[in-house]
Every structure is written in C-alpha cells, then in structure tokens.
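Visitor: Questions regarding the structure given below will be posed in turn.
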Protein chains: 4
Amino acid sequence: MIEPDASRLDPALQADIEALRGQTAETRRATVADMEAILHQPFPVLDHGFVRVVDYMGDDGAVVQAARVSYGRGTRRVHEDRGLIRYLMRHRHTTPFEMCEIKFHVKLPIFVARQWIRHRTANVNEYSARYSVLDREFYIPAPEHLAAQSSDNRQGRGAVLSGSEAADVLDILRGDAMRCYASYERMLAEDDDDRQGLARELARMNLTLNTYTQWYWKVDLHNLMHFLSLRADHHAQYEIRVYAEIMLDLMARWVPIIHEAFQDYRMGGLHLSRGALGVVRRCLDGERVTQADSGLSPREWRELWAALERPAPDAAD
Amino acid sequence: MIEPDASRLDPALQADIEALRGQTAETRRATVADMEAILHQPFPVLDHGFVRVVDYMGDDGAVVQAARVSYGRGTRRVHEDRGLIRYLMRHRHTTPFEMCEIKFHVKLPIFVARQWIRHRTANVNEYSARYSVLDREFYIPAPEHLAAQSSDNRQGRGAVLSGSEAADVLDILRGDAMRCYASYERMLAEDDDDRQGLARELARMNLTLNTYTQWYWKVDLHNLMHFLSLRADHHAQYEIRVYAEIMLDLMARWVPIIHEAFQDYRMGGLHLSRGALGVVRRCLDGERVTQADSGLSPREWRELWAALERPAPDAAD
Amino acid sequence: MIEPDASRLDPALQADIEALRGQTAETRRATVADMEAILHQPFPVLDHGFVRVVDYMGDDGAVVQAARVSYGRGTRRVHEDRGLIRYLMRHRHTTPFEMCEIKFHVKLPIFVARQWIRHRTANVNEYSARYSVLDREFYIPAPEHLAAQSSDNRQGRGAVLSGSEAADVLDILRGDAMRCYASYERMLAEDDDDRQGLARELARMNLTLNTYTQWYWKVDLHNLMHFLSLRADHHAQYEIRVYAEIMLDLMARWVPIIHEAFQDYRMGGLHLSRGALGVVRRCLDGERVTQADSGLSPREWRELWAALERPAPDAAD
Amino acid sequence: MIEPDASRLDPALQADIEALRGQTAETRRATVADMEAILHQPFPVLDHGFVRVVDYMGDDGAVVQAARVSYGRGTRRVHEDRGLIRYLMRHRHTTPFEMCEIKFHVKLPIFVARQWIRHRTANVNEYSARYSVLDREFYIPAPEHLAAQSSDNRQGRGAVLSGSEAADVLDILRGDAMRCYASYERMLAEDDDDRQGLARELARMNLTLNTYTQWYWKVDLHNLMHFLSLRADHHAQYEIRVYAEIMLDLMARWVPIIHEAFQDYRMGGLHLSRGALGVVRRCLDGERVTQADSGLSPREWRELWAALERPAPDAAD
C-alpha cells in the first residue's frame, strides 16, 4: 500500500495538517479505522501534486443498510452483507453505492483538471485565480514519461523520447513555464508610483497549462467508481491515471468489500460485443474461427484476443 | 425545538436504534455535537411518518474551508468565518455549500414521495415493493387539515371541511385504503394447494397513494436548501411542508451559522420583479402609486403589498 | 416495425394530433424523414397507455459533427461516419451521444411512473393531480401477464396464474380501482348547499397505483440508451419493458446507425466478470473447467453458461 | 440586434456554413423563423471567438404545451399562453422551461472555458488537444479592457491601465503566447531522422490559458437562463459576459415571450434580504432609517441603496 508523505508541503501546511489530525471527537456515525489513520494526510502524485482525504461518509455497511432500507447499521452478518454487495455490483444496482460520500483535496496541473472536471456528478471548489495568486509550480514530466505521439492511436503515446530530444523538450517546458510565470508576476505588480498592476482575473491568462491548481472534490461512491473505471484504465492519460490509482488504493482502505467486488465485476472484467460473444461461443464449441469469418474488423479481432490474453487462432505460428 | 420521539416505532426497531446510538467511535472528521445528540432518532411527522438523520458530513467550518481551498478546518476565527458564509449566501456562491452532505431516513405517504422525488439532485434508496411487502399503514389527515378545494387557486386549499363532510371523507379514505390493503394481502397469499400468490411487483398496484413507503435520502447542503426553500414555503402542500419544516429545524442544529444566513438571505427575503421594483422606487420617492398606473396586473399588485405586509396605497380606507 | 394507432384516443384528441401533423415548416436543422413520418402519433402500450414522439433534435450526423467539433453536418462520407460512431460506442465515448435529444409524451400507470422517474437525467412534466382531475383509467393486466411470485428470485415473476386464481385477481383489481375512483369523484364533488368538495391535492391520495398518469419526458440520446439498456432488458418488470421496447424501435427510426452500434456493443453483448473471464480463458485453452474449481459461485456459474447459451462443461449428460 | 458575421472565419469554413444553410427540409416540429434566419451563422465575440446556434428544439409554445401536458401545440390563444408563461416564471415553476433545448458551437479562450464548464447541467464536446493540434489563436484584450486589480473587490477590476502600462502588458501577453505556441509546434515536430515528436497530449501543456479552444454546448432553456442570470450579470468577468450577452440576444429571437418574462421576473428584478425588506417596509411607512439603526452592515446598506438607485436616507447632502 502506498503511504502518505507530507514532506513536499511547506512547514506551515504540515503543521496545519498535524493540528487537524490532533483534533478528535466521539461520533455515532459509521467510522472506518483505516481511513482515520490517513485522514488529512497528503499522498504525493507527479512532481508537485497530491491527494488528501478530507472527509468521508459511510462504509461497506452503509450500502447494505440503504439497500435494505433498514434501521440498523447492517454489519452484523458480514457474510450476508458481502453477498449482497457483490449481488448489487454484479447486477448494476447502483443507487445503494451513492449512499457513501468522500471528499478529497487535490493538487493537480491545470490540463489534468480540465479532463477531470468533465465528470459532472461531483462537487468542486477550485482555488480561484480571480481572487488569489497561483503558486509558481509547474508539472515537468519525468524523462521516462516523455513519450512520442503514438503512430497508430491518434490520442495515445508511443515510445519514450530519446535522450537528446527529451532534454530539449524538458528545457522548453521549464523555460516557457518559468518565463510565463515571471511575466504573470510582473503584470500583477503595483508600485508606489502610477503602476496599478493588472487585474488577477486577466493576468492568469498568461500561465501555461502545466501550472498547478488545487481543489476540493467531493463525490459519491458510485460516481467515484465510474471515474476510476475510466481514469485508472490504461487508455487514460498517464497524468490523470496516477491520481486515479491512488484514489483506488484509498477506496480499498475505506470500503474493502466494495473495492473487491468492484475489481471482480467491473475493473477486472471484460465487455464482449455481440460479435465478440459470437466468436467466443464458436471457439467454445471447438470451432477454429479466423478474422475473415469472424464478422469482426481486423482491429476488433486484435483487441479481442489481446483482451483474452491468448493468440488469435489465425495468428501466424 | 422539536424533539425526537421513538414511541410510534415498534419495540424491536426502538431497540435497534438504541443499539446504534450506543456505538461510538473516535474520529478526526468534523463533528457537530448537536447532531450527535439526535443521530438516528426519529422525529414524528404526520400520523405514521418520521424523519431520522442517519449520517452527516461537514459543518459550518467545512464550507469555509472549501471556499478558501485551505488546509485547515477553518474554525479558528469564528467572526471571519461567519462573515464569509454570509457573503457566500448573499452573492449566491453556491458550490461551497455543496461540500456538506446529510443522509435522512424518511417514512412518508406515496403521494408525498411522488412530489419529493422530483428533486433530482439527491441520492435515494426506496423500500422496494417488488422485493418486499409494504406495511399496512396509510396517511389519514387530521380533521383540521381536511381542506376544500381553493376557489381562487387551482392548486391550493380553501376552508376546512365541515364536520359532517369531513367525517364522510375520513370514512372513505380509511375504508378504501383498508379494503385495498386487504385485497393486496389476499392476492399475495399462497396456500398448500394450487394457489401460488400474485407477484409482489403486480399486487402493489392495488394500493392507494396514501400508503406509507420509506427511503434513505442523501443530499448536499446546497440542494437541501433549494428543497427547503420550495417545500418549507407556504405554497407547498401541507403534507410535504411538515417534513421540510422538521428538516429545516435539523439543519439549524447541524450548521447554525449557515442556517441563520439562509433565513436572512433566502427564506426571509423577497424577490421583487422589475415591475415591483419600479413601484417600490416610486413609493420611496414619495409618489402615490395606484394599481392602474403601476404597470402590474391586479394579482401582482395584490401579491406585492401582501408580501410587503402593507395596505396597497390605493386600498379603500 | 410497430405502427402508430390513434384509435384509443377520444376523437377530439385525434383531431388535435391530425391538426398538428398538418402544420409543416421549412427548417435548416437536421431532419429525419422516418421521424417526421410518425411525429406526434401515438403508439399504444398496455391497455390504455401510449408513447408519442413530440420533438427531436439531431440525427446520426449530429453525433459525428459534435465528436469532430466540426462546422459541417458530417453526413458527407457515410462510411467514415459509421466507423466513427461505432468507435465511439465501443470505447464508451459517451458525450457525443448527448448531442441528440428527444421528447416523448407518455401515458403510463402510476406504479410504472414511479420506477421510470428514478432515471434522474431527464426532463419531466407530469400531469398535475393537484391542479386537475385524473381520468378514470386503470391498468388491468392481460391474463397472460398475471404471474405468480417467482420462487427463486425475490423480485421477479414465476408461472402464469391459473384460470380461477387469475379471474379472482382481475375481479379484485378492477373492483378496487373502480371503487376508489368513485370515492375520489364523490370526495371532489361540490353541491349547491354547503358541500365544498375536498381539495384535489388531498382527494388524489385515494387512487390506486394502477391509475394512469401522463407526462412529457425529454432526454438526450446517451441517457436514453442507458434507460433502454436497463428497461428493455429481460430483468425489467414487464410493464415498463413494453414502453422501453417501443422506444427502442423509435430510436431505430431516428438514428439507425447509432441504434445498430448500440445493439452490437451494448444490448447484444455480455459483460464477463474477472472470474468469468478466467473461466472462458481456461476453456479456450481446452481445459475442462467445473464449477467447483471455477472460483465462481454456483449461481454465477449457472448465469455464465446461460449467457453463453452453452451447457456448463460439468452439466450432467 | 446584433448581426452574424462570418468574415473572420477562413473561406473553407465560410463555404461549409453556406452549404449547411442551403440545405432545408420540411418538418412537423415547432419551428421559429427568427432562428432559421440565423441558424449556423457565427456571431463574433472577443478577438477570435464566436457563438453559432447549431440546432434548437421547441419554442414559446412548447413550454405551454408541456406545462399543460396537452396534445396540441399550445399556440392558439397567444394571450393565455403569455399569461401562463409569466405565471410559471414568476412562481419559479422551472420544469416546463426544461422542455426547450438549444445547441451552440462556441469558440472561446481556455480560461473562459474553465469558468463556463462549471455549469454542469449541460452537454459538452470540446475540441480535443489529445487528438488534434490547436490553432495559433490567443485572446489579447483590447486596451480599453486592460483593467487594474480592483482595490475594494478582491475578485474584480478597477480602472483601465495607463497607456504605457497597457502597452507593456500587451507586449507580454502577445510575446509569451507566441513563444509558447512556437515551442508547442517545435515539440510536436517529427523529422525524417530520429526525431519522433512529443505526444500531443503532453505538448499541449505548454500552451497559455488565453489560447482559443472550441466546443459544442447544448443546454435546456431553464439551465440556459440560470447560466445567463449569472454570466450576463455585471459581477461576471467581462470575457465571459460578452458571450452571455450574445446568447441572451439569441434567446430573444428564439423564445421572445419567455425572454420578456425572464427580463421582467429574473434579470431586471431585485432580491431583498430579510434585513433589506425590513428597511424598505420602514421607509414605506415614512420612517427615516439610517444605516446605524437598519440592522444592515455598512456594505449591505450601500448595496441596497445602489440597487434601489436612490441615495441612502442618511447620505450626506
């Protein structure tokens, strides 16, 4: 399991978090010890980002309780509860999973925030660059993540860039971000004479998209799982996937039984199209199917066998 | 303040709730003592309904914290926090209020549930009459709430019915609900011979709309306030308004500063239309405005002075 | 293909619809001839219900246009457009499908409306029983749909009821609905003397859940497909499934390429869980898997082979 | 009224739009001649942006039709329809206004897009910078919009910058945007040797926030009005307000009766807080109220009289 690490925060913020963690109270609400252990603590992501759990509502039992519309907490018969949770997940009864809620504080580059915000079923408060000045922090990829444009996937990455090309790119990214930030500060500056300083809401337009922003993001468990199923997937851009992977890990601490069911029935599964299902049936009957008579396009055919982790029956020996 | 009262629950449920209330844990989350005091306890509504708070996330400080996207809890300087909350409410900055969440367990007549569910921005798990058998409980209005159709408002109530007419109505409501419920039970019944019993998902169609159902209803504070502004309003049907009024009282225990701002800037205020604003301006200038030269329709004119709690300037002496 | 049939509407409404259909105008908007052909016309459902398409926005090309954020209509190269649509469906790029919108007028029993309204991502205007008086129309199932409670599925149907039991049920349903409706009318009645008539918002509570209501329901194509994938599925209750099936047919007229992709990649496919995927892989390797060593529960094992439409390998010969 | 102007589009796009406008078809749907007249045509905004209406569903009558759940189009008695629309607007019956839908194609700077996207109840397809290369177009404010930071409003603008300071800012904005764009192109470039070109999804992070993007944005009329009430307001940032003002003008062409009611009951009105209402009542009674005994803060007191467009009674003569 990943571990929290506050060392990249400045000492004043570390102290704030320690102070918060020192405040405890008694509650009659559903409480999860593994969440209390990491509450408020930052988990580092990318070069300057982090994810912190700031609050949570409910646990595995809360889903059971809502599904049964029952009075009790619904954790007495763990075996039955697990069965019900797995049944709900398998049959896509999604509303009980909306009964848990989690609130994150996230620091992330603006271009990642732009992808993330497309998930509309969440509550968001972003740091306002109309109201405040953004910090001088930019995302600069590690060299091993500096990938070329994929040649066969218009929205994907190919091989890692060579050393000299990578060095060139890193110089550009660093140089442009720093120059733009310096201009931002210069435009904002007032002085004692007649220089007034440009309005913050205007000056921000000069920042580059790798500048870090931060927000509070609150979501129910059903919509969190939907987000994770898209963003912890290998099709997702690396820079958002690393956030999703940490949130998936945090979900395992929060609602371990639901997390297991989610892995079994959603993340670790495979959706077969009507055509792919036909191919699988014929193969199970012992037939030797080829792409040509499969009814699938060459691309779908390749994707099917890749997903099955088996060579296509018509692959060259 | 209203008080919880579990006496209308059967003893087994009372015991469940007592057991729940006996389970406490330490937490690092924002905690509100006044909510802990009433957590899980039912507040009676109508003749068989209730509202219970089952869980909550956040407090007054959580809204401040999100608005500032800050690391701390935001309760150190109470005076400043209150000012910020009132500023947010006044200027309709709604997203920070989405950072608090509350979960209710509600028992309510089906015709009330049908109005309530129109508020789409909430999470709901309703007791399933496909899966389970509904209880024999119907809403029968108290005689003082048996109102006639309003003659001037097509969707409102007029005077209370007379004694004999009221008695007649009560007899009908009770008799029909009980007969339909008896038929429901009879259709569901299996026996040792060949009688199989009708499917629950079909039998339920014979129940009347005053039959009680129940659900878990979870909502963020912004959407709760929107619900309350519509349903605790005097235009709302009495049978849903009584639920809203209790929830408004519960909101005051949960987030007292936000509740005060909500009363000051939303519930207790008045929206003037462009025309009504023109009238008010002219009156402030000392002009004697009449309906005829106000630009308002007679109905809007009446409504304006009723809302201002002043006689219209052209009212007969 | 199903055909519209207005014969169950009263003549005045038929005339309204004919008048509407007679009004045409020229438009520069995307237009679908097959939709124009049936626009406004009612398609009968159950004994008194119907579905009518009242308006629509967009066509197959509108999805392509939005996916490309292009200036043109995107119907020039039909072959490429079809490929893009199928790519979007296969990879769950859902936002382009939100760019089409459809508006239905639906008449349906209240207990069906209660299931339907749970789909929150739609716009709804329901006939108001606070404002108006509901018609005397109830859903009474055809004898072949009077099913017993399923013995192995707590929320499903089993065998059809026997003739005498069915006759008994039909008598009950008809009798109770009619008696309750008669009481409803009686409570509403005013007379010249002192009888005022109960408020409509109260009297309605005496109606049974099989009373018909009606609404305008407007939804984007993505959310329509989500609705159809759940409600045209064989797990859905028969009384809502028949509505979904007609809407699926209407979707085929509206956006035929998207409909085909939807059938191929969503409706006609199969989601394999992680465990089921493991079983399929082993079977493709030629291994003889049994339930006992499959890692699946007996129920999941049965469901997997039923979905594959193959006998389980360990089934008795 | 504002007029469309395609002159800033390149000739190929102008031709696409002309071709689209040349395609007409007959329809039985509600059609608005004033919308047909401008359909597809771009209305210029800022220096490189635009708004185009790409499609629409419904008209004034569609709202009436849905509110009545009627079979006809609801435009027979224009006077009654207008009264109903104004009643619905006045009493915040919002669901009928959700029955109209409009689809825009918008070109806008990224920092404006980031504000805009916070309105979650809309459908969006944005031009993908993972998939395609963004154009070399940046927003550079006109000198008269280069405002200083407001000294009394932390998120507002003050006076216009002086000539030399403005010139300095314009040089910075232009220079940084062009340099970052040149770097973007350089990082993307492949060559015949070993230079592969950085993945588009990474290279885009080097662009500045004033780079233009574009999207299809589809919304129902109720949510459009909510958007307009916030973004056509004088508190909104100038760069988003100019978009909202054009959309408000387009709304007037589309649904003129609703637009009028919206101006009368929402945009042109004033919400009085509980305290402000108390002040107004006392003034109407002829009392001379001062800030000190008003119960309002100095700021609220100032804002009240500014909104009433009257000097405060205790203002110095």
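Residues in the structure tokens are numbered from 1 in each chain, the chains being A, B, ... in the order shown, and ligands are numbered from 1 in the order shown.
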What are the nearest atom pairs, with distances in Å to one decimal, for all residues of chain A that come at most 8 Å from chain C, using only C-alpha atoms, set out by chain and rising residue number as a tab-separated table?
Guide:
```
residue	atom	partner	partner_atom	distance
A:Gln263	CA	C:Arg274	CA	7.6
A:Asp264	CA	C:Arg274	CA	5.0
A:Tyr265	CA	C:Ser273	CA	4.5
A:Arg266	CA	C:Ser273	CA	6.7
A:Met267	CA	C:Arg274	CA	7.9
A:Gly268	CA	C:Arg274	CA	4.8
A:Gly269	CA	C:Ser273	CA	4.2
A:Leu270	CA	C:Leu272	CA	5.1
A:His271	CA	C:His271	CA	4.2
A:Leu272	CA	C:Leu270	CA	5.1
A:Ser273	CA	C:Gly269	CA	4.2
A:Arg274	CA	C:Gly269	CA	4.2
A:Gly275	CA	C:Asp264	CA	6.9
A:Ala276	CA	C:Gly269	CA	7.9
A:Leu277	CA	C:Gly269	CA	6.5
A:Arg281	CA	C:Leu308	CA	6.5
A:Cys283	CA	C:Leu284	CA	6.8
A:Leu284	CA	C:Leu284	CA	6.3
A:Leu308	CA	C:Arg281	CA	6.5
A:Arg310	CA	C:Arg281	CA	7.8
```
Visitor: Identify all residues of segment 110-274 of chain A in alpha helix (DSSP H) (DSSP on the backbone) and supply them as a ChimeraX atom specification.
Guide: /A:110-116,163-188,200-203,221-231,238-254,256-262,274
Visitor: Which residues, written as number ranges by chain, have at least one atom at most 10 Å from Ala236 of chain C, with only C-alpha atoms counted and residues fewer than 6 positions away on the same chain left out?
Guide: C: 155-156, 229-230, 242, 244
Visitor: Hey, what's within 7 Å of Cys180 of chain B if we count only C-alpha atoms and toss same-chain stuff fewer than 3 positions away? As a ChimeraX atom specification, please?
Guide: /B:176-177,183-184,206-208 /C:176
Visitor: Give me a file of those residues, with N, CA and C atoms, as a PDB file, in the first residue's frame.
Guide:
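result.pdb was written with the following content:
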```pdb
ATOM      1  N   ASP B 176     -61.464   2.758   2.010  1.00  0.00           N
ATOM      2  CA  ASP B 176     -60.861   2.340   0.746  1.00  0.00           C
ATOM      3  C   ASP B 176     -59.430   1.834   0.942  1.00  0.00           C
ATOM      4  N   ALA B 177     -58.663   2.541   1.754  1.00  0.00           N
ATOM      5  CA  ALA B 177     -57.271   2.119   1.969  1.00  0.00           C
ATOM      6  C   ALA B 177     -57.238   0.724   2.594  1.00  0.00           C
ATOM      7  N   SER B 183     -57.155  -6.580  -0.014  1.00  0.00           N
ATOM      8  CA  SER B 183     -57.086  -7.244  -1.326  1.00  0.00           C
ATOM      9  C   SER B 183     -55.641  -7.563  -1.699  1.00  0.00           C
ATOM     10  N   TYR B 184     -54.756  -6.624  -1.390  1.00  0.00           N
ATOM     11  CA  TYR B 184     -53.314  -6.804  -1.659  1.00  0.00           C
ATOM     12  C   TYR B 184     -52.822  -8.070  -0.951  1.00  0.00           C
ATOM     13  N   ASN B 206     -52.405  -2.358  -6.492  1.00  0.00           N
ATOM     14  CA  ASN B 206     -53.738  -2.204  -5.905  1.00  0.00           C
ATOM     15  C   ASN B 206     -53.745  -1.289  -4.686  1.00  0.00           C
ATOM     16  N   LEU B 207     -52.571  -0.843  -4.242  1.00  0.00           N
ATOM     17  CA  LEU B 207     -52.518   0.005  -3.053  1.00  0.00           C
ATOM     18  C   LEU B 207     -52.896   1.442  -3.394  1.00  0.00           C
ATOM     19  N   THR B 208     -53.405   2.138  -2.407  1.00  0.00           N
ATOM     20  CA  THR B 208     -53.768   3.545  -2.613  1.00  0.00           C
ATOM     21  C   THR B 208     -52.558   4.446  -2.367  1.00  0.00           C
TER      22      THR B 208
ATOM     23  N   ASP C 176     -61.503  -2.811  -6.972  1.00  0.00           N
ATOM     24  CA  ASP C 176     -60.915  -1.844  -6.049  1.00  0.00           C
ATOM     25  C   ASP C 176     -60.609  -0.528  -6.757  1.00  0.00           C
TER      26      ASP C 176
END
```
Visitor: With a distance cut-off of 10 Å and only C-alpha atoms, select the neighbouring residues of Pro313 of chain D, excluding the residue or stretch itself and same-chain residues fewer than 5 positions from it, and output the selection as a list in words.
Guide: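 The filter keeps Cys283, Glu287, Arg288, Val289, Thr290, Gln291 and Trp305 of chain D.
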Visitor: Excluding segment 52-66 of chain B and any residue of its chain fewer than 3 positions from it, enumerate the residues within 8 Å of it, using only C-alpha atoms, and give them as JSON, numbers by chain.
Guide: {"A": [29, 30, 55, 56, 57, 58, 125, 216], "B": [29, 30, 31, 32, 38, 39, 40, 41, 42, 43, 69, 70, 71, 72, 73, 74, 75, 81, 84, 85, 96, 97, 99, 100, 101, 102, 103, 104, 105, 106, 254, 255, 256, 257, 258]}
